[in-house]
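The data block below is final_21.cif; it holds mmCIF, C-alpha atoms and all ligand atoms.
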```
data_input
loop_
_atom_site.label_atom_id
_atom_site.label_comp_id
_atom_site.auth_asym_id
_atom_site.auth_seq_id
_atom_site.Cartn_x
_atom_site.Cartn_y
_atom_site.Cartn_z
CA MET A 1 0.00 0.00 0.00
CA LEU A 2 2.79 2.34 0.98
CA ILE A 3 4.63 1.55 -2.24
CA VAL A 4 1.51 2.34 -4.23
CA LEU A 5 1.09 5.64 -2.42
CA PHE A 6 4.69 6.65 -2.92
CA ALA A 7 4.53 5.73 -6.58
CA LEU A 8 1.58 8.01 -7.24
CA LEU A 9 2.43 10.49 -9.92
CA LEU A 10 1.17 13.85 -8.87
CA CYS A 11 0.56 16.61 -11.30
CA TRP A 12 1.97 19.87 -10.06
CA LYS A 13 0.83 22.95 -11.83
CA ILE A 14 3.42 25.64 -11.60
CA SER A 15 2.20 29.07 -12.52
CA ASN A 16 4.92 31.55 -13.26
CA VAL A 17 4.47 34.90 -11.56
CA GLN A 18 6.43 36.69 -14.27
CA SER A 19 5.17 35.09 -17.49
CA ALA A 20 2.91 32.46 -18.99
CA PRO A 21 2.06 29.48 -16.77
CA VAL A 22 4.41 26.54 -17.00
CA GLU A 23 2.92 23.10 -16.46
CA THR A 24 5.04 20.17 -15.43
CA GLU A 25 4.69 16.81 -13.71
CA VAL A 26 6.54 16.02 -10.53
CA ASP A 27 6.98 12.48 -9.21
CA PHE A 28 7.03 12.49 -5.41
CA SER A 29 8.25 8.88 -5.05
CA SER A 30 10.46 8.68 -1.98
CA ASP A 31 13.61 7.79 -3.91
CA ARG A 32 13.29 10.94 -5.97
CA ILE A 33 13.21 13.41 -3.09
CA LEU A 34 16.50 14.86 -1.92
CA ASP A 35 16.91 17.08 1.14
CA LEU A 36 19.04 20.13 0.32
CA SER A 37 18.95 21.64 3.83
CA TYR A 38 21.49 21.49 6.63
CA THR A 39 20.40 20.68 10.17
CA TYR A 40 20.12 23.57 12.63
CA ASP A 41 22.21 22.96 15.73
CA LYS A 42 25.10 24.51 17.65
CA ASN A 43 27.42 23.93 14.67
CA THR A 44 25.30 25.83 12.15
CA VAL A 45 27.31 28.39 10.21
CA TYR A 46 25.86 31.92 10.27
CA TRP A 47 26.84 35.04 8.44
CA PRO A 48 29.24 36.54 11.02
CA HIS A 49 27.37 39.67 12.05
CA GLY A 50 28.93 39.39 15.50
CA LYS A 51 27.13 40.70 18.59
CA GLY A 52 26.55 37.13 19.76
CA TYR A 53 23.75 36.45 17.30
CA ASP A 54 25.61 33.97 15.15
CA THR A 55 24.56 30.72 16.77
CA PHE A 56 21.49 28.57 16.97
CA ASN A 57 20.16 28.11 20.48
CA LEU A 58 17.68 25.50 21.64
CA THR A 59 16.58 25.31 25.24
CA MET A 60 14.37 22.43 26.29
CA ILE A 61 11.99 22.34 29.20
CA ALA A 62 10.63 19.00 30.36
CA TYR A 63 8.07 17.83 32.86
CA ASN A 64 8.03 14.49 34.69
CA GLU A 65 11.20 13.32 33.01
CA ALA A 66 12.12 10.91 35.80
CA ASP A 67 8.63 9.85 36.83
CA PRO A 68 7.28 6.94 34.73
CA ASP A 69 3.88 7.21 36.39
CA LYS A 70 3.23 10.63 34.96
CA ILE A 71 3.02 11.73 31.35
CA PHE A 72 6.27 12.79 29.79
CA TYR A 73 6.15 16.24 28.23
CA ARG A 74 8.76 18.54 26.79
CA ALA A 75 8.91 21.65 24.62
CA GLY A 76 11.81 23.64 23.26
CA TYR A 77 12.49 27.34 22.78
CA TYR A 78 14.84 28.27 20.02
CA SER A 79 16.42 31.41 18.70
CA THR A 80 18.20 31.92 15.41
CA GLY A 81 19.50 34.61 13.14
CA GLU A 82 17.85 34.89 9.73
CA HIS A 83 21.04 34.44 7.71
CA GLY A 84 22.49 31.15 8.84
CA GLY A 85 22.31 27.55 7.76
CA THR A 86 20.36 26.81 4.62
CA HIS A 87 18.28 29.96 4.33
CA ILE A 88 16.46 32.28 2.02
CA ASP A 89 17.37 35.90 1.26
CA THR A 90 14.21 37.88 0.57
CA PRO A 91 14.10 41.17 -1.38
CA ALA A 92 13.67 42.93 1.99
CA HIS A 93 17.30 42.07 2.74
CA LEU A 94 18.62 44.83 0.44
CA LEU A 95 15.53 46.87 -0.40
CA ARG A 96 13.69 49.14 2.05
CA ASN A 97 10.23 48.15 0.82
CA GLY A 98 11.19 44.74 -0.52
CA THR A 99 9.08 41.62 -0.05
CA ASP A 100 9.64 40.01 3.34
CA ALA A 101 9.47 36.32 4.23
CA GLU A 102 5.79 36.56 5.11
CA ASN A 103 4.76 38.00 1.76
CA LEU A 104 6.62 35.78 -0.67
CA GLU A 105 4.11 34.08 -2.94
CA ILE A 106 4.08 30.29 -2.95
CA GLN A 107 4.51 30.40 -6.76
CA GLN A 108 7.85 32.13 -6.23
CA LEU A 109 9.06 29.17 -4.20
CA ILE A 110 8.71 26.31 -6.69
CA GLY A 111 10.54 25.85 -9.94
CA PRO A 112 12.85 23.82 -12.14
CA ALA A 113 16.47 23.66 -10.98
CA VAL A 114 19.56 24.05 -13.11
CA VAL A 115 23.00 23.46 -11.63
CA ILE A 116 26.06 25.23 -12.99
CA SER A 117 29.38 23.95 -11.71
CA ILE A 118 32.34 26.22 -11.06
CA ALA A 119 34.14 23.49 -9.11
CA GLU A 120 37.04 23.42 -11.57
CA HIS A 121 37.80 27.10 -10.86
CA ILE A 122 37.73 26.41 -7.12
CA GLN A 123 40.04 23.42 -7.54
CA ALA A 124 42.41 25.67 -9.49
CA GLY A 125 42.61 27.96 -6.45
CA HIS A 126 40.20 30.69 -7.61
CA LEU A 127 38.21 30.62 -4.38
CA ASP A 128 36.37 33.90 -4.94
CA TYR A 129 35.31 33.02 -8.47
CA ALA A 130 32.22 34.90 -9.68
CA LEU A 131 30.05 33.06 -12.19
CA SER A 132 29.89 35.16 -15.38
CA PRO A 133 27.37 35.54 -18.23
CA SER A 134 29.75 33.59 -20.48
CA ASP A 135 29.73 30.70 -17.99
CA VAL A 136 25.94 30.69 -18.30
CA SER A 137 26.08 30.76 -22.13
CA GLN A 138 28.59 27.94 -22.11
CA TRP A 139 26.33 25.94 -19.79
CA GLU A 140 23.33 26.55 -22.11
CA SER A 141 25.27 25.42 -25.17
CA GLN A 142 25.81 22.12 -23.38
CA HIS A 143 22.49 21.64 -21.56
CA GLY A 144 19.93 23.80 -23.35
CA ARG A 145 18.08 26.99 -22.51
CA ILE A 146 17.41 27.75 -18.85
CA PRO A 147 13.65 27.23 -18.39
CA ASP A 148 11.29 29.99 -17.33
CA GLY A 149 10.77 30.11 -13.59
CA ALA A 150 14.05 28.30 -12.88
CA PHE A 151 16.27 28.48 -9.85
CA VAL A 152 19.91 28.61 -10.91
CA PHE A 153 22.21 26.78 -8.50
CA LEU A 154 25.90 27.49 -8.33
CA PHE A 155 27.89 24.39 -7.43
CA ALA A 156 31.32 25.15 -5.97
CA ASP A 157 31.63 21.90 -4.02
CA TRP A 158 31.54 24.10 -0.92
CA GLY A 159 29.59 21.46 1.02
CA GLN A 160 32.82 19.64 1.87
CA ARG A 161 33.76 22.68 4.01
CA TRP A 162 30.57 22.58 6.10
CA PRO A 163 30.33 23.24 9.07
CA ASP A 164 33.89 24.52 9.50
CA ARG A 165 33.33 28.30 9.74
CA GLN A 166 36.92 29.23 8.92
CA ARG A 167 36.85 27.06 5.81
CA VAL A 168 33.39 28.21 4.73
CA PHE A 169 34.51 31.87 4.79
CA ASN A 170 38.15 31.07 4.15
CA VAL A 171 39.41 33.44 6.78
CA ASP A 172 40.79 33.02 10.31
CA ASP A 173 39.16 36.12 11.78
CA LEU A 174 35.45 36.00 10.97
CA SER A 175 35.04 39.73 11.57
CA ASP A 176 37.50 40.45 8.77
CA TYR A 177 35.14 40.76 5.78
CA SER A 178 37.86 42.18 3.54
CA HIS A 179 39.87 38.96 3.60
CA MET A 180 37.09 36.41 3.24
CA ARG A 181 37.20 34.31 0.10
CA PHE A 182 34.23 32.44 -1.30
CA PRO A 183 32.53 32.21 -4.71
CA GLY A 184 29.23 33.57 -5.97
CA PHE A 185 27.34 34.99 -8.95
CA HIS A 186 28.78 38.01 -10.72
CA PRO A 187 26.16 40.82 -10.88
CA ASP A 188 26.39 40.74 -14.70
CA ALA A 189 25.27 37.12 -14.65
CA ILE A 190 22.32 38.02 -12.40
CA GLN A 191 21.35 40.87 -14.75
CA TRP A 192 21.48 38.48 -17.70
CA LEU A 193 19.52 35.72 -15.95
CA ILE A 194 16.77 38.17 -15.01
CA THR A 195 16.52 40.14 -18.26
CA GLN A 196 17.42 37.50 -20.87
CA ARG A 197 15.88 34.57 -19.02
CA ASP A 198 13.06 34.52 -16.50
CA ILE A 199 14.53 33.00 -13.36
CA ARG A 200 12.82 32.96 -9.97
CA GLY A 201 16.04 33.01 -8.06
CA VAL A 202 19.58 31.82 -7.56
CA ALA A 203 21.20 29.58 -4.98
CA SER A 204 24.69 28.64 -3.89
CA ASP A 205 26.27 25.88 -1.85
CA GLY A 206 28.54 28.60 -0.46
CA PRO A 207 27.75 31.14 2.27
CA SER A 208 26.53 33.85 -0.12
CA VAL A 209 25.06 34.27 -3.60
CA GLU A 210 27.61 37.09 -3.95
CA SER A 211 31.31 36.40 -4.34
CA SER A 212 33.51 37.71 -1.53
CA VAL A 213 34.97 40.25 -3.99
CA ASP A 214 31.67 42.14 -4.11
CA ILE A 215 31.13 41.77 -0.37
CA ALA A 216 34.57 43.22 0.41
CA SER A 217 33.97 46.16 -1.93
CA GLU A 218 30.56 46.74 -0.31
CA ARG A 219 28.93 46.88 -3.75
CA MET A 220 26.65 43.91 -3.08
CA GLY A 221 25.56 44.10 -6.72
CA THR A 222 24.17 40.57 -6.87
CA HIS A 223 22.04 40.97 -3.76
CA ILE A 224 20.76 44.37 -4.87
CA LEU A 225 19.77 43.19 -8.36
CA LEU A 226 17.92 40.20 -6.94
CA ALA A 227 16.08 42.44 -4.47
CA LYS A 228 15.16 45.12 -7.02
CA HIS A 229 13.67 42.50 -9.32
CA ASN A 230 11.86 40.69 -6.50
CA ARG A 231 13.92 37.55 -6.95
CA ILE A 232 15.09 35.11 -4.29
CA GLY A 233 18.54 34.10 -3.09
CA VAL A 234 19.34 30.87 -1.29
CA GLU A 235 22.59 30.27 0.58
CA ASN A 236 24.36 27.25 2.10
CA VAL A 237 22.60 24.62 0.00
CA ALA A 238 23.40 21.05 1.13
CA ASN A 239 23.86 17.94 -1.03
CA LEU A 240 24.14 19.89 -4.26
CA HIS A 241 26.61 17.35 -5.68
CA LYS A 242 23.68 14.94 -5.94
CA VAL A 243 21.53 17.22 -8.11
CA PRO A 244 21.92 16.85 -11.88
CA ALA A 245 22.54 19.82 -14.18
CA THR A 246 18.94 19.72 -15.40
CA GLY A 247 15.67 17.94 -14.73
CA ALA A 248 15.13 18.45 -10.98
CA THR A 249 12.38 20.55 -9.46
CA VAL A 250 13.01 22.43 -6.23
CA ILE A 251 10.56 23.39 -3.54
CA LEU A 252 11.50 26.10 -1.02
CA MET A 253 9.73 26.21 2.32
CA PRO A 254 11.05 29.20 4.29
CA MET A 255 9.64 29.94 7.71
CA LYS A 256 6.83 32.49 7.27
CA ILE A 257 8.10 35.28 9.49
CA SER A 258 6.63 38.76 9.31
CA ASN A 259 9.19 41.46 8.43
CA ALA A 260 12.01 38.93 8.08
CA THR A 261 14.75 39.71 5.55
CA GLY A 262 15.69 36.04 5.48
CA ALA A 263 14.46 32.82 7.02
CA PRO A 264 15.51 29.26 7.80
CA LEU A 265 14.66 27.17 4.79
CA ARG A 266 13.61 23.59 4.30
CA LEU A 267 14.65 23.02 0.73
CA PHE A 268 14.20 19.88 -1.27
CA ALA A 269 14.64 18.70 -4.81
CA VAL A 270 12.50 16.24 -6.70
CA LEU A 271 15.01 14.49 -8.94
CA PRO A 272 14.32 13.46 -12.52
CA GLU A 273 13.82 9.85 -13.47
CA GLN A 274 17.16 8.09 -13.86
CA LYS A 275 17.82 7.13 -17.44
CA GLU A 276 18.84 3.46 -17.72
ZN ZN A 301 21.49 35.48 3.65
#
```

Please re-express this file's structure in C-alpha cells.
Amino acid sequence: MLIVLFALLLCWKISNVQSAPVETEVDFSSDRILDLSYTYDKNTVYWPHGKGYDTFNLTMIAYNEADPDKIFYRAGYYSTGEHGGTHIDTPAHLLRNGTDAENLEIQQLIGPAVVISIAEHIQAGHLDYALSPSDVSQWESQHGRIPDGAFVFLFADWGQRWPDRQRVFNVDDLSDYSHMRFPGFHPDAIQWLITQRDIRGVASDGPSVESSVDIASERMGTHILLAKHNRIGVENVANLHKVPATGATVILMPMKISNATGAPLRLFAVLPEQKE
C-alpha cells in the first residue's frame, strides 16, 4: 500500500508569476526526493554579524522526566539569526520596501532547478570566483536553454567545508570581511539571468550568492539586483553534488516570518527519473 502511495504520480501545476504558466509533472516517489537543507544545531554556520547572534540556540523544558507514572512532556524554545544555515534571502534584505518572508508568494518558491558547476575554478585555487554571463552561455550550449521560472544553483563543491566556519569563509578572523574568500554569482550574470531569461532566483552551496569580492567592496551588486527584481537568493545549500545539471524541481519552504529579511529554509529537490 505504501509503495503504491509513494509511486503516485502527482501533477503539479506551476504558474509563473512573471510570465505564462508553465505546467510540469513532478513524481514524489520517496527515492526521488532529496533534502538540500542542513540541520540547525550549535554547529550551524551563520553570516558573522557578530554581537553574539551567530549561533542557533535551543533550550528544552521538560516535565516528569524521571517519573514513569506521569506523562512525559517537553517543549523547546529556540532562537536563530535569519542568515544562517540553509536559508532564504528575501528582497527585503537589500531593499527598504522589498518583499519580506511573510509576503513571498508560494509560486515564487517552486521551480525547475539548473545546476552550474564552477568546481574546476575552485580546484584551481580561484576561491572567490564569480560566475559570469559567459559561464551561463557555455552551460546553455551544453544543456539547453534555462527554463522559465528556474532556480539557478551554483555548485562550488563548498559542502565539503561545512560546518567549519573558517573554511566556509576562508578566513581566520570572521570579523574580517575584507579577507574572506568564497565564490558567488557576478552581478552581470544576475542581470542576464533576469533580463534575458526569466529566473525565480539563484542559490549557492557557499555562504553567499555574492562572491567575496563584491562583499569586500561593499557593492553587493548581486544581492541588490535580486532584491530590485523581487527575486530570491538561497545560501548554504546542502547535497548539491547529488543534483543533476537539469531535470530536478526544487521546492522552497522558508519559515513564514513577518518582516524577516531572510528565514531558515527547508529546501528539497524532486530528482528526474534516472535514465537506464
Ligand atoms: Zn542570507

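Between atom CA of Leu109 of chain A and atom CA of Thr222 of chain A the separation is 19.1 Å.
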
All residues having an atom within 7 Å of ligand ZN 301 (chain A) (all atoms listed in the file) as a ChimeraX atom specification: /A:83-84,87-89,208,235,262

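Among A:Gly221, A:Pro112, A:Pro244, A:Pro91, the residue with the shortest atom-to-atom distance to Ile190 of chain A, counting only C-alpha atoms, is A:Gly221.
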
Atomic distance atom CA of Pro163 of chain A - atom CA of Asn239 of chain A, expressed in Å with one decimal: 13.1 Å

Exercise: residues within 7 Å of coordinate (23.2, 29.2, 2.0), counting only C-alpha atoms, as a count of residues only: 12

Who sits within 7 Å of Val250 of chain A, all atoms listed in the file, same chain under 2 positions skipped, as an MDAnalysis selection string: chainID A and resid 110:113 248 252 268:270

Surrounding residues of Arg219 of chain A excluding itself and chain neighbours under 4 positions, 12 Å, only C-alpha atoms, as JSON, numbers by chain: {"A": [94, 186, 187, 210, 211, 212, 213, 214, 215, 223, 224, 225]}

Non-local contacts of Pro147 of chain A (10 Å; only C-alpha atoms; under 3 positions in same chain excluded) as number ranges by chain: A: 22, 111-114, 144, 150-152, 197-199, 246

Non-local contacts of Thr59 of chain A (8 Å; all atoms listed in the file; under 6 positions in same chain excluded) as an MDAnalysis selection string: chainID A and resid 76:78

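Pairwise distance (atom CA of Arg96 of chain A, atom CA of Gly233 of chain A) equals 16.6 Å.
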
Radius query 10 Å about (34.9, 25.0, 2.0), atoms used: all atoms listed in the file, as number ranges by chain: A: 122, 127, 156-170, 181-182, 205-207

Neighbour list for segment 254-258 of chain A as a PyMOL selection string, cut-off 7 Å, all atoms listed in the file, skip fewer than 5 positions in-chain: chain A and resi 88+100-102+263-266

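Distances to Val45 of chain A were evaluated for A:Thr80, A:Ser30, A:Gln123, A:Asn97 using all atoms listed in the file, and the minimum falls at A:Thr80.
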
Nearest candidate to Thr249 of chain A (options A:Ser175, A:Ile194, A:Gly149, A:Gly125; using only C-alpha atoms): A:Gly149

Closest of A:Phe56, A:Thr195, A:Asp31, A:Arg145 to Asn43 of chain A - atom-to-atom distances counting all atoms listed in the file: A:Phe56

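Minimum distance to Arg231 of chain A across A:Thr261, A:Thr44, A:Thr90, A:Ser79 (counting only C-alpha atoms) occurs at A:Thr90.
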
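The closest residue to Pro133 of chain A, picked from A:Asp188, A:Asp54, A:Glu65, A:Glu218 and counting all atoms listed in the file, is A:Asp188.
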
Would you place a box with edges along x, y and z of the file around all atoms of segment 65-73 of chain A listed there, add 4 Å to each of its six sides, and report the centre and edge lengths in Å to one decimal, as lines of an AutoDock Vina configuration file?
```
center_x = 7.6
center_y = 11.6
center_z = 32.5
size_x = 17.1
size_y = 17.3
size_z = 16.6
```

Pull out segment 238-262 of chain A, keep C-alpha atoms, and write it as a PDB file, in the first residue's frame.
```
ATOM      1  CA  ALA A 238      23.399  21.052   1.127  1.00  0.00           C
ATOM      2  CA  ASN A 239      23.860  17.937  -1.032  1.00  0.00           C
ATOM      3  CA  LEU A 240      24.141  19.889  -4.262  1.00  0.00           C
ATOM      4  CA  HIS A 241      26.612  17.352  -5.680  1.00  0.00           C
ATOM      5  CA  LYS A 242      23.678  14.945  -5.941  1.00  0.00           C
ATOM      6  CA  VAL A 243      21.528  17.220  -8.107  1.00  0.00           C
ATOM      7  CA  PRO A 244      21.920  16.852 -11.882  1.00  0.00           C
ATOM      8  CA  ALA A 245      22.543  19.818 -14.179  1.00  0.00           C
ATOM      9  CA  THR A 246      18.936  19.725 -15.405  1.00  0.00           C
ATOM     10  CA  GLY A 247      15.673  17.942 -14.728  1.00  0.00           C
ATOM     11  CA  ALA A 248      15.129  18.447 -10.980  1.00  0.00           C
ATOM     12  CA  THR A 249      12.382  20.553  -9.463  1.00  0.00           C
ATOM     13  CA  VAL A 250      13.009  22.426  -6.234  1.00  0.00           C
ATOM     14  CA  ILE A 251      10.559  23.393  -3.539  1.00  0.00           C
ATOM     15  CA  LEU A 252      11.499  26.096  -1.022  1.00  0.00           C
ATOM     16  CA  MET A 253       9.733  26.214   2.321  1.00  0.00           C
ATOM     17  CA  PRO A 254      11.047  29.201   4.287  1.00  0.00           C
ATOM     18  CA  MET A 255       9.644  29.938   7.713  1.00  0.00           C
ATOM     19  CA  LYS A 256       6.831  32.491   7.267  1.00  0.00           C
ATOM     20  CA  ILE A 257       8.101  35.283   9.491  1.00  0.00           C
ATOM     21  CA  SER A 258       6.626  38.764   9.310  1.00  0.00           C
ATOM     22  CA  ASN A 259       9.193  41.461   8.433  1.00  0.00           C
ATOM     23  CA  ALA A 260      12.013  38.925   8.079  1.00  0.00           C
ATOM     24  CA  THR A 261      14.750  39.708   5.553  1.00  0.00           C
ATOM     25  CA  GLY A 262      15.688  36.038   5.476  1.00  0.00           C
TER      26      GLY A 262
END
```
